[in-house]
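Take a look at the structure set out below.
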Amino acid sequence: MRDSNLPGTELLKTVLEPLLDDFQYWFTRSRHLLETEHISFMSDQEQSDLLLRVKQAQDELNTAKMLFAATDGQVGIEMATLMPWHQLVTECWDVAMRLRRSHEV
């Protein structure tokens, strides 16, 4: 087994661990919003589809976090995995901002 004190491992823990925690936070917030709010500018199907994508991303994220923990931070995550999560979080932010604006009017 590799030495867990290698600089690459520490870099992964320093950068990736907080990033995964951020994704978890935003997916949890988004899921709560989509499960508890009626979003008037989205059809029921659109809201349901977005919620499903958030749930799937949460499942993927939980798996990635378990692997990261099980290997003591010695594995990374492909950008091909992270980018769709980032795009989904951005989409959820847009929905939340639009909903907030609609409540202000």
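So you can find residues: chains in the structure tokens are A, B, ... in the order shown, residues in each start at 1, and ligands are numbered from 1 in order.
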
Residue neighbourhood segment 7-12 of chain A, 12 Å, only C-alpha atoms, exclusion window fewer than 4 positions, as a ChimeraX atom specification
/A:2-3,16-20,68-69,71-77

Hey, what does DSSP flag as helix (DSSP H, G or I) within segment 2-46 of chain A? Can you give it to me as JSON, numbers by chain?
{"A": [7, 8, 9, 10, 11, 12, 13, 14, 15, 16, 17, 18, 19, 20, 21, 22, 23, 24, 25, 26, 27, 28, 29, 30, 31, 32, 33, 34, 35, 36, 44, 45, 46]}

8 Å contact set for Trp26 of chain A, only C-alpha atoms, chain neighbours under 4 positions out, as a ChimeraX atom specification
/A:22,30,89

Output all heavy atoms for every residue in the selection just made, as an mmCIF file, in the first residue's frame.
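Contents of part_36.cif, as written:
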```cif
data_model
loop_
_atom_site.group_PDB
_atom_site.id
_atom_site.type_symbol
_atom_site.label_atom_id
_atom_site.label_comp_id
_atom_site.auth_asym_id
_atom_site.auth_seq_id
_atom_site.Cartn_x
_atom_site.Cartn_y
_atom_site.Cartn_z
ATOM 1 N N ASP A 22 -19.027 20.293 -0.186
ATOM 2 C CA ASP A 22 -19.824 21.368 -0.803
ATOM 3 C C ASP A 22 -20.922 20.794 -1.702
ATOM 4 O O ASP A 22 -22.065 21.241 -1.649
ATOM 5 C CB ASP A 22 -18.944 22.315 -1.620
ATOM 6 C CG ASP A 22 -18.141 23.273 -0.764
ATOM 7 O OD1 ASP A 22 -18.404 23.372 0.451
ATOM 8 O OD2 ASP A 22 -17.233 23.918 -1.325
ATOM 9 N N SER A 30 -30.860 21.607 -2.406
ATOM 10 C CA SER A 30 -31.657 21.560 -3.629
ATOM 11 C C SER A 30 -32.750 20.511 -3.518
ATOM 12 O O SER A 30 -33.898 20.756 -3.917
ATOM 13 C CB SER A 30 -30.763 21.269 -4.832
ATOM 14 O OG SER A 30 -29.793 22.282 -4.983
ATOM 15 N N VAL A 89 -25.560 21.607 -9.878
ATOM 16 C CA VAL A 89 -25.631 22.576 -8.781
ATOM 17 C C VAL A 89 -25.934 23.963 -9.339
ATOM 18 O O VAL A 89 -26.773 24.693 -8.799
ATOM 19 C CB VAL A 89 -24.323 22.578 -7.946
ATOM 20 C CG1 VAL A 89 -24.249 23.795 -7.037
ATOM 21 C CG2 VAL A 89 -24.210 21.300 -7.126
#
```

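For segment 46-50 of chain A, the list of residues within 10 Å, based on only C-alpha atoms and with local chain neighbours fewer than 3 positions off taken out, reads Ser30, Arg31, Leu34, Glu35, Glu37, His38, Ile39, Ser40, Phe41, Met42, Ser43, Arg53, Val54, Lys55, Gln56, Leu88, Glu91, Cys92 and Val95 of chain A.
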
Hey, can you spit out that residue selection with C-alpha atoms as a PDB file, in the first residue's frame?
```pdb
ATOM      1  CA  SER A  30     -31.657  21.560  -3.629  1.00  0.00           C
ATOM      2  CA  ARG A  31     -33.395  18.305  -2.829  1.00  0.00           C
ATOM      3  CA  LEU A  34     -37.570  20.524  -4.843  1.00  0.00           C
ATOM      4  CA  GLU A  35     -39.383  18.239  -2.406  1.00  0.00           C
ATOM      5  CA  GLU A  37     -41.819  23.855  -2.750  1.00  0.00           C
ATOM      6  CA  HIS A  38     -44.194  24.156  -5.645  1.00  0.00           C
ATOM      7  CA  ILE A  39     -42.157  25.951  -8.277  1.00  0.00           C
ATOM      8  CA  SER A  40     -44.652  27.780 -10.440  1.00  0.00           C
ATOM      9  CA  PHE A  41     -42.331  28.458 -13.382  1.00  0.00           C
ATOM     10  CA  MET A  42     -41.559  24.736 -13.766  1.00  0.00           C
ATOM     11  CA  SER A  43     -43.980  22.042 -14.828  1.00  0.00           C
ATOM     12  CA  ARG A  53     -31.229  14.112 -11.205  1.00  0.00           C
ATOM     13  CA  VAL A  54     -30.337  15.573  -7.801  1.00  0.00           C
ATOM     14  CA  LYS A  55     -31.101  12.245  -6.093  1.00  0.00           C
ATOM     15  CA  GLN A  56     -28.976  10.370  -8.634  1.00  0.00           C
ATOM     16  CA  LEU A  88     -26.450  20.415 -11.798  1.00  0.00           C
ATOM     17  CA  GLU A  91     -28.934  24.684 -12.491  1.00  0.00           C
ATOM     18  CA  CYS A  92     -30.347  24.313  -8.976  1.00  0.00           C
ATOM     19  CA  VAL A  95     -33.967  27.695  -9.950  1.00  0.00           C
TER      20      VAL A  95
END
```

Distance criterion (only C-alpha atoms): nearest to Leu33 of chain A out of A:Ala96, A:Trp85, A:Glu60, A:Arg101
A:Ala96

Of the residues A:Gln24, A:Ser102, A:Thr14, A:Thr81, which is the one nearest to Lys65 of chain A, using only C-alpha atoms?
A:Gln24
